[in-house]
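Have a look at the structure below before the remarks.
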Protein chains: 2
Amino acid sequence: MTLQQALEALKQYEQTAFALGHAMGILNYDGSTVAPKKSAIPRAVTQSELSRISYELTTSPATVEMIETLKAHQTELDFVNARKAEELFRDYDRVRRIPMDRFVEYQKLCVESDAVWHEAKVNNDFASFEPLLQKMFDMTKELATYIDPDADPYNTQLDQFERGLTTADCDKFFATVRAGIVPLLAEVVASPHQVREPLFENTFPIPVQRDFSDYIMGVLGMDRERSIIGETEHPFTTDFSPNDVRITTHYHEDTPIPSMYSVIHEGGHALYELNVDEKLSMSVLGGGVSMAIHESQSRFFENIIGRSYEFCGVILPWLTEHFPAQLSGLTQERLYRAVNASAPSLIRTEADELTYCLHIMVRYELERMMFAGTITAKELPEAWNRLYKEYLGIDVPDNKRGVLQDSHWSFGAIGYFPSYAIGSAYGAQYLEEMNKSFDVAAAVAAGDLSPVSGWLREHIWQYGKLYAPSELFRRTCGEFRPEVFIAYLNKKYREIYKL
Amino acid sequence: MTLQQALEALKQYEQTAFALGHAMGILNYDGSTVAPKKSAIPRAVTQSELSRISYELTTSPATVEMIETLKAHQTELDFVNARKAEELFRDYDRVRRIPMDRFVEYQKLCVESDAVWHEAKVNNDFASFEPLLQKMFDMTKELATYIDPDADPYNTQLDQFERGLTTADCDKFFATVRAGIVPLLAEVVASPHQVREPLFENTFPIPVQRDFSDYIMGVLGMDRERSIIGETEHPFTTDFSPNDVRITTHYHEDTPIPSMYSVIHEGGHALYELNVDEKLSMSVLGGGVSMAIHESQSRFFENIIGRSYEFCGVILPWLTEHFPAQLSGLTQERLYRAVNASAPSLIRTEADELTYCLHIMVRYELERMMFAGTITAKELPEAWNRLYKEYLGIDVPDNKRGVLQDSHWSFGAIGYFPSYAIGSAYGAQYLEEMNKSFDVAAAVAAGDLSPVSGWLREHIWQYGKLYAPSELFRRTCGEFRPEVFIAYLNKKYREIYKL
């Protein structure tokens with residue numbers, strides 16, 4: 001195969017790979033939003049067939065030849081194609097290092113383990129899940145060792161989910177989190193100035209909340225000709241190109257707050273996808289680059305922008321106008337305090353801005369211990385509960401609300417959690433950098449987020465997967481300094497809780 | 001390939017073919033209902049890739065070998081597999097009879113012609129479409145001759161869309177329609193007892209109309225765990241298995257009537273799909289068998305059931321309760337007359353029960369003339385307008401509302417229209433047969449459509465594509481007797497218009 005032929009093949013490969021991913025994504029979106037309840041069976045058949053076709057495409061001899069040809073000529077390629085070759089080769093290389101029988105065994109394990117976990121969580125029955133969980137940790141470590149026999153296998157796992165992220169980065173980050181947030185949280189809990197806003201204990205009709213979502217999407221500056229909002233049990237964002245990005249939310253009639261922050265959080269993910277350079281669309285380099293960079297957008301909008309004093313001032317008139325009976329008397333100050341109430345809790349996905357990283361830290365430490373072999377799966381519940389007590393000061397009443405709460409480990413996403421917390425911390429450095437160019441608080445106070453979006457588009461969004469995530473962050477903010485995040489949290493929460 | 005291998009290959013083939021069709025169908029449904037406006041480009045890329053994969057599947061040497069092996073062993077197969085072999089062989093055989101270069105040329109023509117038609121319709125510019133339309137008729141005839149050199153090419157076209165339907169059937173049918181409906185319509189138009197119901201000239205809030213759709217779907221007995229309703233510009237039904245059937249409607253704030261009959265019409269299509277034997281699901285024989293059988297379900301529910309005096313009595317309480325300000329004073333008699341008003345009109349898709357077949361007859365006669373070569377595309381508008389005047393007594397003001405109104409000819413669906421009218425006529429024979437088993441009017445009056453559905457499930461729905469459509473109809477109702485339909489129309493409209 002000549003280079004020219006390989007480049008032609010790449011175009012066709014990208015188109016087919018895009019189409020299969022797009023179809024599977026739409027099936028998933030449709031299934032979560034509007035599809036009838038009993039459609040799960042035909043959908044599962046179709047998803048599995050499309051996965052098979054996709055697998056055959058990526059592992060076909062023609063694709064392998066294309067990848068090897070591109071790789072062999074990498075220095076002759078322009079930057080974009082060189083990066084594509086690098087990405088494709090990396091995935092292919094990782095797969096070919098794993099013995100086929102072990103890979104098949106691992107995939108079987110993922111399916112079985114995920115099914116058992118679902119049941120175990122429902123029944124609060126850790127014992128049934130424990131052998132599979134142990135096997136999952138063992139096999140994950142084994143596979144990481146095939147991929148890079150010379151590296152720390154946990155490091156290989158981190159790198160798989162967040163290119164360039166190392167165990168050293170995480171250790172440094174979580175040490176800073178531990179030293180900074182654990183004592184701060186203890187002070188917050190002990191503060192006599194606790195937040196409780198009775199105005200938000202009322203009935204907020206869902207049709208009005210739907211209008212509120214549209215309003216919020218407008219404030220965020222989302223192009224509604226390229227983005228829609230749906231309703232699902234658990235909010236998520238999905239994208240098919242910068243011309244089709246979808247977020248979902250879940251409405252609670254007794255409060256508009258969770259849905260509002262779902263819309264802002266998913267809106268942050270969506271803005272990223274909406275602003276990837278269209279030239280990268282439907283290509284190997286299309287879409288956001290990584291989980292941490294993605295979470296850094298969503299959590300930046302949700303917390304740093306959306307939970308700022310200035311943002312509360314912007315949305316206050318809409319709220320009091322459309323919920324006049326419920327929110328009469330609400331002020332910017334009261335709204336700001338209400339949306340920033342902090343308290344230790346059991347469930348990661350419901351945690352507030354201050355406590356969120358502690359939930360992640362528990363998981364990180366446990367993954368490290370499991371990889372080091374210092375504990376076994378059998379000991380995980382006890383270790384989980386001990387760390388929740390130590391960091392969050394909270395007693396875990398059962399495994400359902402403890403070690404069984406997240407699905408990640410059940411399908412092999414070990415080394416994935418840290419990116420959530422790192423993404424949160426990145427945001428504080430964006431804020432610091434942005435403030436060198438313009439006054440972020442003043443822009444938000446004016447209700448105009450376009451300088452914020454413009455800055456993120458220029459430094460992050462447009463690039464898609466053109467740079468590895470750690471490189472992209474470094475190009476934007478220099479070294480990762482978790483202390484900036486801790487300082488941000490201290491300033492904010494000491495003020496709110498009058499510490 | 002052994003028979004056993006071919007049967008294994010068939011299972012896999014059916015699964016993959018189902019998955020690709022399912023994915024394309026979901027993309028289409030999503031695109032018509034919720035997708036953001038600018039999503040058309042990525043969707044077109046994906047649809048075209050999936051079409052290509054689907055084409056490669058059906059034409060691959062492995063598939064051809066499978067089909068030929070099954071065909072060679074057809075007598076050894078059970079009934080279901082023998083029918084599958086027959087269907088697959090028939091499609092394959094048709095395609096292989098057409099020279100590849102002519103087939104490619106034809107496909108190009110379809111794409112070009114459809115695009116030009118869209119523009120021509122918008123601009124009321126028949127001249128721009130005329131050369132492509134002529135070429136489309138010529139090529140369609142040419143291809144039909146390749147498929148069966150000994151047959152009348154129009155017959156081949158009919159058979160392609162509605163297996164077993166012949167030109168002789170159609171001639172007989174339309175002669176009966178012409179003799180029966182044209183004079184009846186003239187009497188209706190001249191009747192002093194015209195229908196005009198001012199109660200339906202009001203405002204009917206769309207949220208209430210949405211509830212009405214749910215109510216109607218309940219009356220029809222649609223299982224809402226397997227069926228949903230969406231909103232689109234043009235109502236349609238789409239299905240992916242008996243576990244996932246979707247209808248859409250379009251609401252008009254100034255009247256609830258069109259949406260109500262869209263829901264009943266599409267509901268008829270949906271009930272058919274929901275009740276195909278699940279053993280045929282996701283197979284070559286899954287889903288409704290043909291256009292005429294499908295329309296015979298939708299139009300049966302829409303007109304024969306939904307526009308019956310008894311059905312009006314069933315839905316009256318809901319309407320007067322939920323639209324108390326608008327519909328106070330509405331009676332069963334007034335509602336019945338209002339929904340059965342008949343008048344000649346220009347647009348087929350908006351035609352009433354009495355005039356609908358005349359619209360089809362115009363198209364049928366023009367297709368026959370074009371195939372016979374007695375007129376050219378250039379002469380179509382004049383011939384169209386002349387026939388509308390002759391049969392419907394109406395002057396066609398422009399080609400946009402005349403010969404350019406339907407898309408069918410632009411994408412090669414020549415010989416397709418008759419099935420719409422035949423389907424309408426089939427319904428009258430269902431009614432006749434059903435009445436031998438139970439009193440249909442009494443069941444409808446009691447608000448219980450389950451005997452109707454039960455009968456249709458037993459005789460039609462469950463079979464999917466297990467029998468050819470003409471055979472299925474014969475098994476159910478014996479010979480096709482269009483005079484039963486004409487008698488039904490006469491009885492109904494003579495009573496309403498006091499003739």
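To be explicit about the labels: the chains of the structure tokens are called A, B, and onward in the order shown, and within each one the residues are counted from 1, while ligands get numbers from 1 in the order they are shown.
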
Run DSSP on the backbone and grab whatever in segment 152-249 of chain A lands in strand (DSSP E); send it over as number ranges by chain. A: 227-231, 237-241, 244-249

Take the residues just selected and output them with C-alpha atoms as a short mmCIF file (atom, residue, chain, number, x, y, z; two decimals), in the first residue's frame.
```
data_model
loop_
_atom_site.label_atom_id
_atom_site.label_comp_id
_atom_site.auth_asym_id
_atom_site.auth_seq_id
_atom_site.Cartn_x
_atom_site.Cartn_y
_atom_site.Cartn_z
CA SER A 227 -28.14 21.45 20.01
CA ILE A 228 -31.22 20.04 21.69
CA ILE A 229 -32.27 19.10 25.20
CA GLY A 230 -34.02 15.87 26.14
CA GLU A 231 -35.21 14.31 29.38
CA THR A 237 -24.32 14.85 26.85
CA THR A 238 -23.85 13.12 23.53
CA ASP A 239 -22.47 14.53 20.30
CA PHE A 240 -22.30 13.44 16.71
CA SER A 241 -20.50 16.43 15.22
CA ASP A 244 -25.53 17.82 16.45
CA VAL A 245 -24.92 17.95 20.18
CA ARG A 246 -27.51 16.85 22.72
CA ILE A 247 -27.85 17.28 26.42
CA THR A 248 -30.44 15.84 28.75
CA THR A 249 -31.73 16.76 32.15
#
```

At a cut-off of 10 Å, list the chain B residues touching chain A, using only C-alpha atoms, as a VMD selection string. chain B and resid 12 15 to 27 29 to 31 34 to 50 52 to 53 223 to 230 240 to 246 281 to 282

Would you output that residue set with N, CA and C atoms, as a compact mmCIF listing (two decimals), in the first residue's frame?
```
# COMPACT_ATOMS: atom_id res chain seq x y z
N GLN B 12 -27.38 -15.14 10.59
CA GLN B 12 -26.48 -14.00 10.75
C GLN B 12 -26.86 -12.88 9.78
N GLN B 15 -29.85 -10.97 11.01
CA GLN B 15 -29.52 -10.12 12.15
C GLN B 15 -28.82 -8.83 11.69
N THR B 16 -27.87 -8.99 10.79
CA THR B 16 -27.13 -7.81 10.30
C THR B 16 -28.05 -6.92 9.48
N ALA B 17 -28.84 -7.52 8.61
CA ALA B 17 -29.75 -6.72 7.78
C ALA B 17 -30.75 -5.98 8.67
N PHE B 18 -31.24 -6.66 9.70
CA PHE B 18 -32.15 -6.00 10.63
C PHE B 18 -31.47 -4.81 11.29
N ALA B 19 -30.25 -5.04 11.78
CA ALA B 19 -29.52 -3.99 12.51
C ALA B 19 -29.31 -2.76 11.63
N LEU B 20 -28.93 -2.97 10.39
CA LEU B 20 -28.67 -1.82 9.51
C LEU B 20 -29.98 -1.08 9.21
N GLY B 21 -31.04 -1.83 8.96
CA GLY B 21 -32.33 -1.19 8.72
C GLY B 21 -32.83 -0.46 9.96
N HIS B 22 -32.65 -1.07 11.10
CA HIS B 22 -33.06 -0.47 12.37
C HIS B 22 -32.31 0.85 12.59
N ALA B 23 -31.00 0.80 12.43
CA ALA B 23 -30.19 2.00 12.64
C ALA B 23 -30.61 3.12 11.68
N MET B 24 -30.80 2.78 10.41
CA MET B 24 -31.21 3.81 9.45
C MET B 24 -32.59 4.35 9.80
N GLY B 25 -33.47 3.47 10.26
CA GLY B 25 -34.82 3.90 10.63
C GLY B 25 -34.82 4.82 11.83
N ILE B 26 -34.00 4.50 12.82
CA ILE B 26 -33.93 5.34 14.01
C ILE B 26 -33.33 6.71 13.65
N LEU B 27 -32.31 6.71 12.81
CA LEU B 27 -31.73 7.98 12.37
C LEU B 27 -32.79 8.82 11.67
N TYR B 29 -36.14 8.57 12.07
CA TYR B 29 -37.14 9.01 13.04
C TYR B 29 -36.61 10.17 13.87
N ASP B 30 -35.40 9.99 14.35
CA ASP B 30 -34.76 11.04 15.15
C ASP B 30 -34.65 12.33 14.34
N GLY B 31 -34.23 12.19 13.08
CA GLY B 31 -34.07 13.37 12.23
C GLY B 31 -35.39 14.09 11.99
N VAL B 34 -36.78 15.00 16.69
CA VAL B 34 -36.11 15.83 17.69
C VAL B 34 -34.77 16.42 17.28
N ALA B 35 -34.13 15.88 16.26
CA ALA B 35 -32.75 16.28 15.94
C ALA B 35 -32.65 17.77 15.66
N PRO B 36 -31.51 18.39 16.05
CA PRO B 36 -31.37 19.81 15.74
C PRO B 36 -31.32 20.04 14.22
N LYS B 37 -31.75 21.24 13.85
CA LYS B 37 -31.90 21.60 12.44
C LYS B 37 -30.66 21.30 11.60
N LYS B 38 -29.50 21.65 12.14
CA LYS B 38 -28.29 21.54 11.32
C LYS B 38 -27.65 20.15 11.33
N SER B 39 -28.38 19.16 11.87
CA SER B 39 -27.81 17.81 11.94
C SER B 39 -27.90 17.06 10.61
N ALA B 40 -28.48 17.70 9.60
CA ALA B 40 -28.74 16.98 8.34
C ALA B 40 -27.46 16.46 7.70
N ILE B 41 -26.38 17.23 7.79
CA ILE B 41 -25.14 16.81 7.10
C ILE B 41 -24.54 15.55 7.72
N PRO B 42 -24.24 15.54 9.05
CA PRO B 42 -23.72 14.27 9.58
C PRO B 42 -24.69 13.11 9.37
N ARG B 43 -25.98 13.38 9.44
CA ARG B 43 -26.94 12.28 9.26
C ARG B 43 -26.87 11.73 7.84
N ALA B 44 -26.74 12.61 6.87
CA ALA B 44 -26.64 12.15 5.47
C ALA B 44 -25.40 11.28 5.28
N VAL B 45 -24.29 11.67 5.88
CA VAL B 45 -23.06 10.87 5.78
C VAL B 45 -23.30 9.47 6.35
N THR B 46 -23.91 9.44 7.52
CA THR B 46 -24.12 8.14 8.18
C THR B 46 -25.11 7.28 7.41
N GLN B 47 -26.20 7.90 6.95
CA GLN B 47 -27.18 7.12 6.18
C GLN B 47 -26.52 6.54 4.94
N SER B 48 -25.68 7.33 4.29
CA SER B 48 -25.09 6.82 3.06
C SER B 48 -24.07 5.72 3.35
N GLU B 49 -23.32 5.84 4.44
CA GLU B 49 -22.39 4.77 4.82
C GLU B 49 -23.14 3.48 5.17
N LEU B 50 -24.23 3.62 5.94
CA LEU B 50 -24.98 2.42 6.31
C LEU B 50 -25.63 1.77 5.08
N ARG B 52 -24.35 1.85 2.13
CA ARG B 52 -23.27 1.18 1.42
C ARG B 52 -22.96 -0.17 2.07
N ILE B 53 -22.89 -0.19 3.39
CA ILE B 53 -22.61 -1.44 4.09
C ILE B 53 -23.73 -2.45 3.81
N ASP B 223 -50.51 -0.83 22.69
CA ASP B 223 -49.70 -1.08 23.88
C ASP B 223 -48.62 0.01 23.98
N ARG B 224 -48.76 0.88 24.97
CA ARG B 224 -47.86 2.03 25.06
C ARG B 224 -46.47 1.65 25.55
N GLU B 225 -46.29 0.43 26.00
CA GLU B 225 -44.92 0.00 26.34
C GLU B 225 -44.16 -0.40 25.08
N ARG B 226 -44.89 -0.51 23.96
CA ARG B 226 -44.23 -0.90 22.72
C ARG B 226 -44.44 0.13 21.61
N SER B 227 -45.14 1.20 21.93
CA SER B 227 -45.40 2.21 20.89
C SER B 227 -45.36 3.61 21.47
N ILE B 228 -44.87 4.54 20.67
CA ILE B 228 -44.83 5.94 21.11
C ILE B 228 -45.41 6.83 20.03
N ILE B 229 -45.66 8.09 20.39
CA ILE B 229 -46.12 9.07 19.41
C ILE B 229 -45.19 10.27 19.43
N GLY B 230 -44.80 10.71 18.26
CA GLY B 230 -43.96 11.90 18.11
C GLY B 230 -44.67 12.95 17.27
N PHE B 240 -39.67 -1.07 14.18
CA PHE B 240 -38.38 -1.74 14.22
C PHE B 240 -38.51 -3.18 14.69
N SER B 241 -39.67 -3.50 15.20
CA SER B 241 -40.02 -4.85 15.63
C SER B 241 -41.35 -4.67 16.34
N PRO B 242 -42.05 -5.77 16.65
CA PRO B 242 -43.32 -5.58 17.39
C PRO B 242 -43.08 -4.94 18.76
N ASN B 243 -41.84 -4.81 19.16
CA ASN B 243 -41.55 -4.17 20.45
C ASN B 243 -41.21 -2.68 20.33
N ASP B 244 -41.23 -2.15 19.12
CA ASP B 244 -40.90 -0.74 18.95
C ASP B 244 -41.55 -0.22 17.67
N VAL B 245 -42.72 0.37 17.86
CA VAL B 245 -43.47 0.92 16.73
C VAL B 245 -43.79 2.37 17.06
N ARG B 246 -43.58 3.26 16.11
CA ARG B 246 -43.76 4.68 16.40
C ARG B 246 -44.67 5.34 15.38
N SER B 281 -40.08 -11.63 13.98
CA SER B 281 -39.41 -10.36 14.27
C SER B 281 -37.93 -10.41 13.88
N MET B 282 -37.44 -9.31 13.32
CA MET B 282 -36.02 -9.18 12.94
C MET B 282 -35.62 -10.19 11.87
```

Could you pull out all residues of segment 407-448 of chain A with a DSSP call of alpha helix (DSSP H) and give them as a ChimeraX atom specification? /A:418-437,440-445

Go ahead and dump the residues you just picked, C-alpha atoms, as a JSON list (two decimals), in the first residue's frame.
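In the end it all went to part_22.json:
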```json
[["chain", "number", "residue", "atom", "x", "y", "z"],
["A", 418, "PRO", "CA", -9.08, 10.55, 38.87],
["A", 419, "SER", "CA", -9.91, 12.40, 35.65],
["A", 420, "TYR", "CA", -13.18, 13.61, 37.21],
["A", 421, "ALA", "CA", -11.35, 15.32, 40.04],
["A", 422, "ILE", "CA", -8.46, 16.59, 37.93],
["A", 423, "GLY", "CA", -11.01, 18.15, 35.58],
["A", 424, "SER", "CA", -12.57, 20.00, 38.50],
["A", 425, "ALA", "CA", -9.20, 21.34, 39.52],
["A", 426, "TYR", "CA", -8.22, 22.43, 35.99],
["A", 427, "GLY", "CA", -11.11, 24.91, 36.09],
["A", 428, "ALA", "CA", -9.50, 27.02, 38.79],
["A", 429, "GLN", "CA", -6.46, 27.49, 36.56],
["A", 430, "TYR", "CA", -8.65, 28.46, 33.59],
["A", 431, "LEU", "CA", -10.18, 31.11, 35.80],
["A", 432, "GLU", "CA", -6.75, 32.37, 36.82],
["A", 433, "GLU", "CA", -5.60, 32.51, 33.18],
["A", 434, "MET", "CA", -8.80, 34.10, 31.91],
["A", 435, "ASN", "CA", -8.56, 36.83, 34.51],
["A", 436, "LYS", "CA", -5.24, 37.84, 32.97],
["A", 437, "SER", "CA", -7.12, 38.65, 29.73],
["A", 440, "VAL", "CA", -14.40, 37.17, 34.34],
["A", 441, "ALA", "CA", -16.67, 38.23, 37.20],
["A", 442, "ALA", "CA", -17.57, 41.47, 35.38],
["A", 443, "ALA", "CA", -18.40, 39.58, 32.18],
["A", 444, "VAL", "CA", -20.60, 37.11, 34.05],
["A", 445, "ALA", "CA", -22.25, 39.93, 36.02]]
```

Fewer than 2 positions away in the same chain doesn't count, so skip those; otherwise give me all residues within 12 Å of Asn275 of chain A, counting only C-alpha atoms, as an MDAnalysis selection string. chainID A and resid 221:223 226:227 239 241:245 268:273 277:281 286:288 453:464

Residues within 10 Å of Ile98 of chain B, only C-alpha atoms, excluding chain neighbours under 2 positions, as a list in words: Asp93, Arg94, Val95, Arg96, Met100, Asp101, Arg102, Phe103, Val104, Glu142, Leu143, Ala144, Thr145, Tyr146 and Ile147 of chain B

Might you pull out every residue within 9 Å of Met136 of chain A, with only C-alpha atoms counted and same-chain residues fewer than 6 positions away left off, and present them as a ChimeraX atom specification? /A:106,109-110,113,409-412,414

Those same residues, written as a PDB file, in the first residue's frame with C-alpha atoms?
```
ATOM      1  CA  TYR A 106     -11.416  -9.990  29.585  1.00  0.00           C
ATOM      2  CA  LEU A 109     -15.501 -10.807  32.247  1.00  0.00           C
ATOM      3  CA  CYS A 110     -16.653  -7.236  31.612  1.00  0.00           C
ATOM      4  CA  SER A 113     -19.202  -8.557  35.918  1.00  0.00           C
ATOM      5  CA  TRP A 409     -15.189  -1.011  38.246  1.00  0.00           C
ATOM      6  CA  SER A 410     -17.758  -3.510  37.041  1.00  0.00           C
ATOM      7  CA  PHE A 411     -16.972  -2.803  33.394  1.00  0.00           C
ATOM      8  CA  GLY A 412     -13.245  -2.355  33.779  1.00  0.00           C
ATOM      9  CA  ILE A 414     -10.157   1.258  36.677  1.00  0.00           C
TER      10      ILE A 414
END
```

Polymer residues at most 9 Å from segment 206-211 of chain A, only C-alpha atoms, same-chain spacing of 4 or more positions, as a PyMOL selection string: chain A and resi 215-216+251-253+256+259-260+322-323

If you keep C-alpha atoms, can you produce a file of those selected residues as an mmCIF file, in the first residue's frame?
```cif
data_model
loop_
_atom_site.group_PDB
_atom_site.id
_atom_site.type_symbol
_atom_site.label_atom_id
_atom_site.label_comp_id
_atom_site.auth_asym_id
_atom_site.auth_seq_id
_atom_site.Cartn_x
_atom_site.Cartn_y
_atom_site.Cartn_z
ATOM 1 C CA TYR A 215 -33.416 30.278 29.077
ATOM 2 C CA ILE A 216 -30.254 28.832 30.652
ATOM 3 C CA TYR A 251 -36.750 17.530 36.334
ATOM 4 C CA HIS A 252 -37.791 17.336 39.974
ATOM 5 C CA GLU A 253 -41.065 19.057 40.685
ATOM 6 C CA PRO A 256 -35.585 23.650 40.040
ATOM 7 C CA SER A 259 -32.057 20.398 36.788
ATOM 8 C CA MET A 260 -30.619 23.912 36.406
ATOM 9 C CA HIS A 322 -41.526 32.919 36.391
ATOM 10 C CA PHE A 323 -41.905 31.542 39.914
#
```

Counting only C-alpha atoms, which residue out of B:Asp439, B:Glu8, B:Asp150, B:Asp125 sits closest to Lys400 of chain B? B:Asp125

Leaving out Cys170 of chain B and any residue of its chain fewer than 6 positions from it, which residues lie within 12 Å of it when counting only C-alpha atoms, given as JSON, numbers by chain? {"B": [154, 155, 158, 159, 162, 164, 176, 177, 178, 357, 360, 361, 364, 365, 368, 415, 416, 417, 418, 419, 420, 421, 422, 423, 425, 480, 481, 482]}

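Of note, atom CA of Asp352 of chain B and atom CA of Asp169 of chain B are spaced 23.6 Å apart.
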
Could you make a table, as CSV, of the residues of segment 284-306 of chain A that have an atom within 10 Å of an atom of segment 470-473 of chain A, each with its nearest atom pair and distance in Å to one decimal, counting only C-alpha atoms, in chain and number order?
```
residue,atom,partner,partner_atom,distance
A:Val289,CA,A:Leu472,CA,9.0
A:Ser290,CA,A:Ser470,CA,9.5
A:Ala292,CA,A:Ser470,CA,9.3
A:Ile293,CA,A:Phe473,CA,8.0
```

Output for the residues just chosen: N, CA and C atoms as a PDB file, in the first residue's frame:
```pdb
ATOM      1  N   VAL A 289     -11.232  15.897  23.665  1.00  0.00           N
ATOM      2  CA  VAL A 289     -10.043  15.046  23.684  1.00  0.00           C
ATOM      3  C   VAL A 289     -10.038  14.005  24.800  1.00  0.00           C
ATOM      4  N   SER A 290     -10.607  14.336  25.953  1.00  0.00           N
ATOM      5  CA  SER A 290     -10.524  13.384  27.062  1.00  0.00           C
ATOM      6  C   SER A 290     -11.553  13.717  28.121  1.00  0.00           C
ATOM      7  N   ALA A 292     -10.974  14.202  31.395  1.00  0.00           N
ATOM      8  CA  ALA A 292     -10.605  15.284  32.319  1.00  0.00           C
ATOM      9  C   ALA A 292     -10.836  16.645  31.678  1.00  0.00           C
ATOM     10  N   ILE A 293     -10.451  16.773  30.420  1.00  0.00           N
ATOM     11  CA  ILE A 293     -10.667  18.056  29.746  1.00  0.00           C
ATOM     12  C   ILE A 293     -12.172  18.310  29.610  1.00  0.00           C
TER      13      ILE A 293
END
```
